$ cat coords-v3.cif   # mmCIF, C-alpha atoms and all ligand atoms
data_run
loop_
_atom_site.label_atom_id
_atom_site.label_comp_id
_atom_site.auth_asym_id
_atom_site.auth_seq_id
_atom_site.Cartn_x
_atom_site.Cartn_y
_atom_site.Cartn_z
CA MET A 1 45.40 16.37 14.51
CA LEU A 2 42.51 18.16 16.08
CA ILE A 3 41.88 17.20 19.66
CA LYS A 4 38.47 17.95 21.06
CA LYS A 5 38.45 19.88 24.28
CA PRO A 6 35.83 18.57 26.68
CA SER A 7 33.87 21.80 26.22
CA ASP A 8 33.61 21.11 22.49
CA ILE A 9 31.89 17.80 23.01
CA PRO A 10 28.19 18.40 22.65
CA SER A 11 26.40 17.51 25.85
CA SER A 12 24.11 15.32 23.77
CA ASP A 13 27.14 13.11 23.12
CA ILE A 14 27.86 12.80 26.81
CA THR A 15 24.26 12.27 27.75
CA PRO A 16 22.36 9.66 25.84
CA GLU A 17 18.67 10.26 25.63
CA ALA A 18 18.02 7.17 27.74
CA ILE A 19 19.83 8.78 30.66
CA TYR A 20 17.85 11.96 30.10
CA ARG A 21 14.63 10.01 30.45
CA ALA A 22 15.84 8.04 33.45
CA ARG A 23 16.95 11.23 35.11
CA ARG A 24 13.70 12.96 34.41
CA ASP A 25 11.72 10.08 35.88
CA PHE A 26 14.03 10.13 38.87
CA MET A 27 13.58 13.84 39.38
CA ARG A 28 9.85 13.49 39.19
CA GLY A 29 9.86 10.87 41.88
CA ALA A 30 12.45 12.34 44.18
CA PHE A 31 11.92 16.07 44.28
CA SER A 32 9.03 18.30 44.99
CA VAL A 33 8.05 21.19 42.76
CA GLY A 34 9.57 23.47 45.39
CA VAL A 35 13.04 22.12 44.79
CA LEU A 36 12.68 22.30 41.02
CA GLY A 37 11.39 25.84 41.24
CA ALA A 38 14.36 27.09 43.25
CA ALA A 39 16.97 29.35 41.70
CA GLY A 40 19.67 27.52 39.81
CA MET A 41 17.25 24.85 38.72
CA VAL A 42 18.86 21.91 37.01
CA VAL A 43 17.62 21.34 33.50
CA PRO A 44 16.74 17.68 33.19
CA GLY A 45 18.24 17.36 29.74
CA VAL A 46 21.85 17.10 30.74
CA LEU A 47 23.19 14.71 33.33
CA ALA A 48 26.96 14.52 32.96
CA GLU A 49 27.31 18.28 33.10
CA PRO A 50 24.09 19.65 34.50
CA VAL A 51 23.10 22.98 32.99
CA HIS A 52 22.24 25.36 35.78
CA VAL A 53 19.77 27.76 34.35
CA ALA A 54 19.55 31.03 36.16
CA GLU A 55 16.06 31.78 37.42
CA ALA A 56 16.15 34.91 35.28
CA GLU A 57 16.16 32.74 32.18
CA ASN A 58 13.15 30.76 33.33
CA LYS A 59 10.90 33.81 33.20
CA GLY A 60 7.16 33.63 33.77
CA PRO A 61 4.50 33.57 36.44
CA ASP A 62 4.89 30.98 39.21
CA TRP A 63 1.71 29.11 38.27
CA LEU A 64 3.11 28.53 34.78
CA LYS A 65 6.49 27.35 36.09
CA ARG A 66 4.72 24.92 38.39
CA GLU A 67 2.60 23.49 35.58
CA ILE A 68 5.59 23.13 33.28
CA ALA A 69 7.71 21.48 35.96
CA SER A 70 4.99 18.89 36.54
CA ALA A 71 4.52 17.98 32.85
CA LYS A 72 4.37 14.24 32.23
CA ALA A 73 6.54 12.54 29.64
CA ASP A 74 4.38 11.53 26.71
CA SER A 75 4.87 8.42 24.60
CA GLN A 76 5.29 10.66 21.51
CA ASN A 77 9.05 10.74 21.71
CA VAL A 78 11.68 10.12 19.08
CA SER A 79 14.81 8.27 20.09
CA ASP A 80 17.19 10.77 18.41
CA LYS A 81 19.75 12.50 20.62
CA LEU A 82 18.50 15.77 22.03
CA THR A 83 19.94 19.00 20.70
CA PRO A 84 21.61 20.77 23.64
CA TYR A 85 19.73 23.59 25.32
CA GLU A 86 22.25 26.23 24.22
CA HIS A 87 21.68 25.40 20.56
CA VAL A 88 17.91 25.24 20.88
CA THR A 89 17.85 28.69 22.50
CA GLN A 90 20.63 30.49 20.62
CA TYR A 91 20.20 29.35 17.01
CA ASN A 92 16.74 30.60 16.11
CA ASN A 93 14.50 31.89 13.39
CA PHE A 94 12.21 34.60 14.71
CA TYR A 95 12.36 37.35 12.13
CA GLU A 96 10.46 39.81 14.32
CA PHE A 97 13.71 40.05 16.33
CA GLY A 98 16.17 40.08 13.44
CA TYR A 99 17.43 37.95 10.58
CA ASN A 100 20.59 36.38 12.01
CA LYS A 101 20.40 33.16 13.97
CA ASP A 102 21.65 34.82 17.17
CA ASP A 103 19.40 37.90 16.86
CA PRO A 104 16.28 36.40 18.47
CA ALA A 105 18.12 35.49 21.70
CA LYS A 106 19.86 38.88 21.83
CA ASN A 107 16.95 41.11 20.83
CA SER A 108 14.07 39.43 22.69
CA LYS A 109 15.48 39.93 26.19
CA HIS A 110 12.99 42.69 27.02
CA PHE A 111 10.00 41.12 25.32
CA GLN A 112 7.06 40.81 27.76
CA PRO A 113 5.00 37.66 27.14
CA HIS A 114 2.97 38.13 30.35
CA PRO A 115 0.16 38.92 30.72
CA TRP A 116 -0.94 37.36 27.40
CA SER A 117 -4.23 36.63 25.74
CA VAL A 118 -5.35 34.90 22.57
CA GLU A 119 -8.34 35.87 20.44
CA ILE A 120 -10.45 32.98 19.15
CA ALA A 121 -12.51 33.91 16.10
CA GLY A 122 -14.38 32.63 13.09
CA GLU A 123 -16.39 29.48 12.50
CA ALA A 124 -16.90 28.29 16.07
CA GLY A 125 -19.63 28.19 18.70
CA LYS A 126 -17.44 29.92 21.27
CA THR A 127 -15.24 32.84 20.33
CA GLY A 128 -13.66 35.71 22.24
CA ARG A 129 -10.49 36.64 24.06
CA PHE A 130 -8.91 34.18 26.47
CA THR A 131 -6.00 34.72 28.83
CA LEU A 132 -3.09 32.29 28.80
CA GLU A 133 -4.34 31.05 32.16
CA ASP A 134 -7.81 30.36 30.69
CA ILE A 135 -6.21 28.44 27.85
CA LEU A 136 -4.10 26.27 30.11
CA LYS A 137 -6.88 25.65 32.63
CA GLY A 138 -7.56 21.92 32.84
CA MET A 139 -4.95 21.14 30.21
CA ALA A 140 -2.58 18.36 31.28
CA LEU A 141 0.86 19.40 30.08
CA GLU A 142 3.04 16.78 28.42
CA GLU A 143 6.66 16.63 27.47
CA ARG A 144 7.23 15.48 23.90
CA VAL A 145 10.54 15.01 22.14
CA TYR A 146 10.10 16.02 18.48
CA ARG A 147 12.36 16.61 15.52
CA LEU A 148 12.24 20.15 14.08
CA ARG A 149 13.31 20.39 10.42
CA CYS A 150 13.81 23.89 9.05
CA VAL A 151 13.27 24.46 5.34
CA GLU A 152 16.87 25.79 5.32
CA ALA A 153 18.04 22.15 5.74
CA TRP A 154 19.09 22.13 9.39
CA SER A 155 17.31 20.29 12.17
CA MET A 156 17.13 19.85 15.92
CA VAL A 157 15.57 17.49 18.44
CA ILE A 158 13.68 19.37 21.14
CA PRO A 159 11.88 18.25 24.31
CA TRP A 160 8.81 20.51 24.21
CA VAL A 161 6.31 21.00 27.00
CA GLY A 162 2.76 21.61 25.88
CA PHE A 163 -0.53 20.01 24.92
CA PRO A 164 -2.30 18.81 21.79
CA LEU A 165 -3.83 21.72 19.86
CA ALA A 166 -6.93 19.55 19.31
CA SER A 167 -7.71 19.55 23.06
CA LEU A 168 -7.94 23.34 22.94
CA LEU A 169 -9.72 23.74 19.59
CA LYS A 170 -12.51 21.32 20.54
CA ARG A 171 -13.45 23.56 23.46
CA PHE A 172 -14.48 26.30 21.04
CA GLU A 173 -16.87 23.99 19.18
CA PRO A 174 -15.79 24.58 15.58
CA THR A 175 -18.72 24.53 13.13
CA GLY A 176 -19.00 22.44 9.97
CA ASN A 177 -17.63 25.41 8.02
CA ALA A 178 -14.34 25.33 9.91
CA LYS A 179 -12.08 23.86 7.22
CA TYR A 180 -8.85 25.62 8.29
CA VAL A 181 -7.30 27.31 11.29
CA ALA A 182 -5.41 30.59 10.77
CA PHE A 183 -2.80 31.69 13.31
CA THR A 184 -1.36 35.16 13.91
CA THR A 185 1.77 36.28 15.80
CA LEU A 186 1.85 39.45 17.87
CA LYS A 187 2.54 42.67 15.98
CA ASP A 188 4.21 45.15 18.31
CA PRO A 189 7.10 47.08 16.73
CA LYS A 190 7.96 48.58 20.13
CA GLN A 191 8.85 45.12 21.40
CA MET A 192 9.78 43.43 18.13
CA PRO A 193 12.50 45.61 16.63
CA ALA A 194 12.61 44.06 13.15
CA GLN A 195 8.95 44.99 12.61
CA LYS A 196 10.12 48.61 12.51
CA SER A 197 12.59 48.00 9.71
CA ALA A 198 11.70 49.64 6.42
CA PHE A 199 13.72 46.99 4.61
CA SER A 200 11.71 44.04 5.85
CA SER A 201 10.44 41.77 3.12
CA ILE A 202 7.78 40.46 5.48
CA ASP A 203 4.36 42.00 5.79
CA TRP A 204 3.75 41.85 9.58
CA PRO A 205 2.21 40.24 11.49
CA TYR A 206 3.54 36.75 10.71
CA VAL A 207 0.62 34.51 9.81
CA GLU A 208 0.28 30.76 9.33
CA GLY A 209 -2.42 28.18 8.82
CA LEU A 210 -3.32 24.51 8.90
CA ARG A 211 -6.10 22.45 7.41
CA ILE A 212 -8.51 21.51 10.21
CA ASP A 213 -7.52 17.81 10.10
CA GLU A 214 -3.85 18.79 10.40
CA ALA A 215 -4.68 21.12 13.29
CA MET A 216 -6.66 18.34 15.02
CA HIS A 217 -3.96 15.69 14.46
CA PRO A 218 -2.71 14.33 17.80
CA LEU A 219 0.93 15.20 16.93
CA THR A 220 0.13 18.91 16.49
CA MET A 221 0.85 20.70 19.72
CA LEU A 222 0.94 24.09 21.35
CA ALA A 223 4.12 24.51 23.38
CA VAL A 224 4.57 26.64 26.49
CA GLY A 225 7.97 25.25 27.51
CA LEU A 226 11.06 23.34 26.50
CA TYR A 227 13.63 21.36 28.46
CA GLY A 228 11.25 21.44 31.42
CA LYS A 229 11.34 25.24 31.59
CA VAL A 230 9.23 28.18 30.50
CA LEU A 231 9.50 28.76 26.73
CA PRO A 232 12.26 31.34 26.17
CA ASN A 233 11.18 34.50 24.32
CA GLN A 234 13.33 33.59 21.31
CA ASN A 235 11.49 30.28 20.96
CA GLY A 236 8.06 31.93 20.80
CA ALA A 237 6.92 32.71 24.34
CA PRO A 238 4.44 32.31 25.75
CA LEU A 239 2.60 30.05 23.28
CA ARG A 240 3.77 28.63 19.93
CA LEU A 241 2.68 25.99 17.51
CA VAL A 242 4.72 22.82 16.88
CA VAL A 243 3.90 20.73 13.79
CA PRO A 244 6.72 18.19 13.64
CA TRP A 245 6.14 16.77 10.14
CA LYS A 246 6.20 20.19 8.46
CA TYR A 247 9.01 22.63 7.82
CA GLY A 248 9.73 24.81 10.84
CA PHE A 249 8.16 27.96 9.40
CA LYS A 250 4.69 26.44 9.93
CA SER A 251 5.38 26.35 13.69
CA ILE A 252 4.33 29.95 14.33
CA LYS A 253 5.52 31.69 17.49
CA SER A 254 3.98 34.02 20.09
CA ILE A 255 0.40 33.42 18.94
CA VAL A 256 -2.22 36.12 19.63
CA LYS A 257 -5.04 34.88 17.42
CA MET A 258 -6.53 31.64 16.11
CA GLU A 259 -9.37 31.81 13.62
CA PHE A 260 -11.47 29.00 12.19
CA THR A 261 -11.95 29.70 8.49
CA GLU A 262 -13.71 28.18 5.53
CA LYS A 263 -11.00 29.18 3.01
CA GLU A 264 -7.31 28.39 3.04
CA PRO A 265 -5.72 31.29 4.94
CA PRO A 266 -2.72 33.27 3.61
CA THR A 267 0.66 32.33 5.11
CA THR A 268 3.69 34.60 5.52
CA TRP A 269 6.32 32.70 3.53
CA ASN A 270 3.89 31.82 0.79
CA ILE A 271 3.06 35.52 0.43
CA SER A 272 6.77 36.49 0.26
CA ALA A 273 7.91 33.75 -2.15
CA PRO A 274 5.04 31.57 -3.39
CA GLN A 275 7.16 29.51 -5.77
CA GLU A 276 9.50 28.56 -2.89
CA TYR A 277 7.18 28.07 0.09
CA GLY A 278 3.80 26.41 -0.15
CA PHE A 279 0.86 26.19 2.21
CA TYR A 280 1.49 22.53 3.05
CA ALA A 281 5.28 22.62 3.60
CA ASN A 282 5.43 18.94 4.49
CA VAL A 283 9.02 17.76 5.00
CA ASN A 284 9.86 15.81 1.86
CA PRO A 285 13.36 14.73 0.75
CA LYS A 286 12.10 14.22 -2.81
CA VAL A 287 10.72 17.72 -3.33
CA ASP A 288 13.66 20.11 -3.46
CA HIS A 289 13.54 23.77 -2.68
CA PRO A 290 14.08 25.67 -5.96
CA ARG A 291 17.49 26.82 -4.69
CA TRP A 292 18.74 23.78 -2.71
CA SER A 293 18.23 20.09 -2.09
CA GLN A 294 15.98 18.84 0.71
CA ALA A 295 17.40 15.29 0.60
CA THR A 296 19.68 15.78 3.60
CA GLU A 297 19.87 18.03 6.63
CA ARG A 298 22.42 19.35 9.12
CA ARG A 299 21.42 17.92 12.48
CA LEU A 300 22.59 20.42 15.09
CA PRO A 301 25.07 20.62 16.64
CA SER A 302 27.00 20.35 13.41
CA GLY A 303 30.31 22.14 13.15
CA LEU A 304 32.74 22.90 10.40
CA PHE A 305 35.08 20.15 11.64
CA SER A 306 32.38 17.78 12.83
CA PRO A 307 29.61 17.99 10.26
CA ASN A 308 26.54 16.01 11.16
CA ILE A 309 24.68 15.45 7.91
CA ILE A 310 21.81 12.98 7.90
CA ASP A 311 19.17 11.91 5.41
CA THR A 312 15.89 13.78 5.58
CA GLN A 313 12.87 11.53 6.08
CA LEU A 314 9.49 11.83 4.42
CA PHE A 315 7.19 13.81 6.73
CA ASN A 316 10.26 14.24 8.96
CA GLY A 317 9.96 10.61 10.07
CA TYR A 318 6.29 10.87 11.04
CA ALA A 319 4.90 9.21 7.88
CA ASP A 320 3.21 6.36 9.79
CA GLU A 321 1.19 8.91 11.72
CA VAL A 322 0.40 11.50 9.06
CA ALA A 323 0.72 10.07 5.52
CA HIS A 324 -3.02 9.29 5.46
CA LEU A 325 -3.80 13.00 5.63
CA TYR A 326 -2.36 13.45 2.14
CA LYS A 327 -3.57 10.30 0.44
CA GLY A 328 -4.06 10.86 -3.28
CA MET A 329 -2.49 14.34 -3.15
CA ASN A 330 0.35 15.26 -5.48
CA LEU A 331 3.01 16.30 -2.96
CA LYS A 332 5.06 18.04 -5.67
CA LYS A 333 2.14 20.25 -6.58
CA TYR A 334 0.97 20.82 -3.00
CA TYR A 335 4.43 21.58 -1.59
N1 LIG A 401 6.30 34.50 14.32
C1 LIG A 401 7.28 33.74 13.80
N2 LIG A 401 7.21 32.40 13.94
C2 LIG A 401 8.21 31.62 13.42
C3 LIG A 401 9.28 32.19 12.69
C4 LIG A 401 9.32 33.62 12.58
O1 LIG A 401 10.24 34.22 11.98
N3 LIG A 401 8.31 34.35 13.15
N4 LIG A 401 10.25 31.38 12.14
C5 LIG A 401 9.85 29.99 11.85
C6 LIG A 401 10.96 29.16 11.42
S1 LIG A 401 11.54 29.43 9.85
C7 LIG A 401 11.44 28.14 12.18
S2 LIG A 401 12.61 27.08 11.59
C8 LIG A 401 11.00 27.96 13.59
C9 LIG A 401 12.20 27.98 14.51
O2 LIG A 401 11.84 27.70 15.83
P1 LIG A 401 12.94 27.74 16.98
O3 LIG A 401 13.70 29.02 16.85
O4 LIG A 401 12.18 27.64 18.27
O5 LIG A 401 13.83 26.54 16.77
O6 LIG A 401 10.09 28.96 14.00
C10 LIG A 401 9.12 29.35 13.04
N5 LIG A 401 8.13 30.25 13.61
MO MO A 402 12.68 27.55 9.31
#

$ encode --input "coords-v3.cif" --output "structure tokens" --more "lines below"
Ligand SMILES: Nc1nc2c(c(=O)[nH]1)N[C@H]1C(S)=C(S)[C@@H](COP(=O)(O)O)O[C@H]1N2
Ligand SMILES: [Mo]
Amino acid sequence: MLIKKPSDIPSSDITPEAIYRARRDFMRGAFSVGVLGAAGMVVPGVLAEPVHVAEAENKGPDWLKREIASAKADSQNVSDKLTPYEHVTQYNNFYEFGYNKDDPAKNSKHFQPHPWSVEIAGEAGKTGRFTLEDILKGMALEERVYRLRCVEAWSMVIPWVGFPLASLLKRFEPTGNAKYVAFTTLKDPKQMPAQKSAFSSIDWPYVEGLRIDEAMHPLTMLAVGLYGKVLPNQNGAPLRLVVPWKYGFKSIKSIVKMEFTEKEPPTTWNISAPQEYGFYANVNPKVDHPRWSQATERRLPSGLFSPNIIDTQLFNGYADEVAHLYKGMNLKKYY
């Protein structure tokens, strides 16, 4: 018989999400930002065995750490158990840093996400280049617990810190011709080693896009943190998209440009394999990937001896909020 060592028990099993919330509320009330900002900060996600995160792993300017630490819990939370911090930050897809799940954490250690700026372009009254500080100015950060479902049929539950994309886009006064928003990731082969590879099947930079109503939907967010801390490089520092009802590849990382466009913009995975990855990429258990089923998913942590397979939900469980966006559309055709 296999006996689980305590260290094999996922911390999400020890710490129900309710305790996480209670603890977070408690921390907000009891401690000042100064205490939270000190070295060896306790990540609010884990109570029974607090994860002490070295200050070196919570990299970023002090103003950003302060804003992230003071984020307010939003009502947009799912009740699923959180995926432990180690899994969220060590099992990643970020092809700019390599193709294995542990490559992004290993190969992004020297990536410099500060200072950072984002170019705003296209069909809008205000365009130009804005620093990360400009972008976050006046933006009330929220913590939101969302499911993330990768097209590869695994999923996680992540407490993001960020703000609704709509709050930012409205500032730039999109014109009536702004039907889509196109997003671009940084291209910098000096910092992103896999962009140097001659064998890459991806045409860098990574690009993504949303229809304007999807971009303006209140669930669509830009994240700057997770688990109450600065977004780790491997998760898309300093600024990444999170669209919880779509496959993970839509949630583009390390964004340097957003452009309002009239035409549907090209997207990286659709360019590489159009018959496998569409523009919409809505999570749908009834529309299988040509090479595998999308009916179920491996909810991480899920081990060889403790598989955690669950049913995939239409729109990743966000159908009540987003199904109206696709009314009358054939979801098999627009996959
Ligand atoms: N620039 C960029 N963004 C990206 C990717 C990538 O390779 N490059 N991978 C995507 C995929 S396939 C997924 S599942 C999610 C994973 O996010 P996470 O590593 O923070 O969990 O990021 C998405 N965003
Ligand atoms: Mo993915």

$ residues_near_ligand --input "coords-v3.cif" --ligand "ligand LIG 401 (chain A)" --cutoff "9 Å" --atoms "only C-alpha atoms and all ligand atoms" --output "PyMOL selection string"
chain A and resi 87-99+101+104+148-152+154-156+158+184-186+205-208+231-232+234-236+240-242+247-255+268-269

$ closest_residue --input "coords-v3.cif" --among "A:Thr296, A:Trp160, A:Met139, A:Phe315" --to "A:Tyr227" --atoms "all atoms listed in the file"
A:Trp160

$ closest_residue --input "coords-v3.cif" --among "A:Ile68, A:Val322, A:Pro265, A:Pro244" --to "ligand MO 402 (chain A)" --atoms "only C-alpha atoms and all ligand atoms"
A:Pro244

$ residues_around --input "coords-v3.cif" --residues "A:Thr127" --least-positions-apart "3" --cutoff "10 Å" --atoms "all atoms listed in the file" --output "PyMOL selection string"
chain A and resi 119-124+130+171-174+258-260

$ write_last_selection --input "coords-v3.cif" --atoms "C-alpha atoms" --output "mmCIF file, keeping the file's coordinate frame"
data_model
loop_
_atom_site.group_PDB
_atom_site.id
_atom_site.type_symbol
_atom_site.label_atom_id
_atom_site.label_comp_id
_atom_site.auth_asym_id
_atom_site.auth_seq_id
_atom_site.Cartn_x
_atom_site.Cartn_y
_atom_site.Cartn_z
ATOM 1 C CA GLU A 119 -8.340 35.870 20.440
ATOM 2 C CA ILE A 120 -10.450 32.980 19.150
ATOM 3 C CA ALA A 121 -12.510 33.910 16.100
ATOM 4 C CA GLY A 122 -14.380 32.630 13.090
ATOM 5 C CA GLU A 123 -16.390 29.480 12.500
ATOM 6 C CA ALA A 124 -16.900 28.290 16.070
ATOM 7 C CA PHE A 130 -8.910 34.180 26.470
ATOM 8 C CA ARG A 171 -13.450 23.560 23.460
ATOM 9 C CA PHE A 172 -14.480 26.300 21.040
ATOM 10 C CA GLU A 173 -16.870 23.990 19.180
ATOM 11 C CA PRO A 174 -15.790 24.580 15.580
ATOM 12 C CA MET A 258 -6.530 31.640 16.110
ATOM 13 C CA GLU A 259 -9.370 31.810 13.620
ATOM 14 C CA PHE A 260 -11.470 29.000 12.190
#

$ closest_residue --input "coords-v3.cif" --among "A:Lys59, A:Val243, A:Gly328, A:Pro266" --to "ligand MO 402 (chain A)" --atoms "only C-alpha atoms and all ligand atoms"
A:Val243

$ residues_around --input "coords-v3.cif" --residues "A:Phe279" --least-positions-apart "3" --cutoff "8 Å" --atoms "all atoms listed in the file" --output "MDAnalysis selection string"
chainID A and resid 209 267 270 334:335

$ atom_distance --input "coords-v3.cif" --atom1 "atom CA of A:Trp245" --atom2 "atom CA of A:Asn316"
5.0 Å

$ closest_residue --input "coords-v3.cif" --among "A:Tyr277, A:Thr131, A:Ala295, A:Lys263" --to "ligand MO 402 (chain A)" --atoms "all atoms listed in the file"
A:Tyr277

$ atom_distance --input "coords-v3.cif" --atom1 "atom CA of A:Leu239" --atom2 "atom CA of A:Val224"
5.1 Å

$ atom_distance --input "coords-v3.cif" --atom1 "atom CA of A:Gly228" --atom2 "atom CA of A:Met216"
24.5 Å

$ residues_near_point --input "coords-v3.cif" --point "(-7.7, 25.3, 13.9)" --cutoff "6 Å" --atoms "only C-alpha atoms" --output "list of chain:residue names"
A:Tyr180, A:Val181, A:Ile212, A:Ala215, A:Phe260

$ closest_residue --input "coords-v3.cif" --among "A:Ser79, A:Pro115, A:Lys246, A:Ser302" --to "ligand MO 402 (chain A)" --atoms "only C-alpha atoms and all ligand atoms"
A:Lys246

$ closest_residue --input "coords-v3.cif" --among "A:Ile271, A:Ala105, A:Ala166, A:Val78" --to "A:Ser201" --atoms "all atoms listed in the file"
A:Ile271
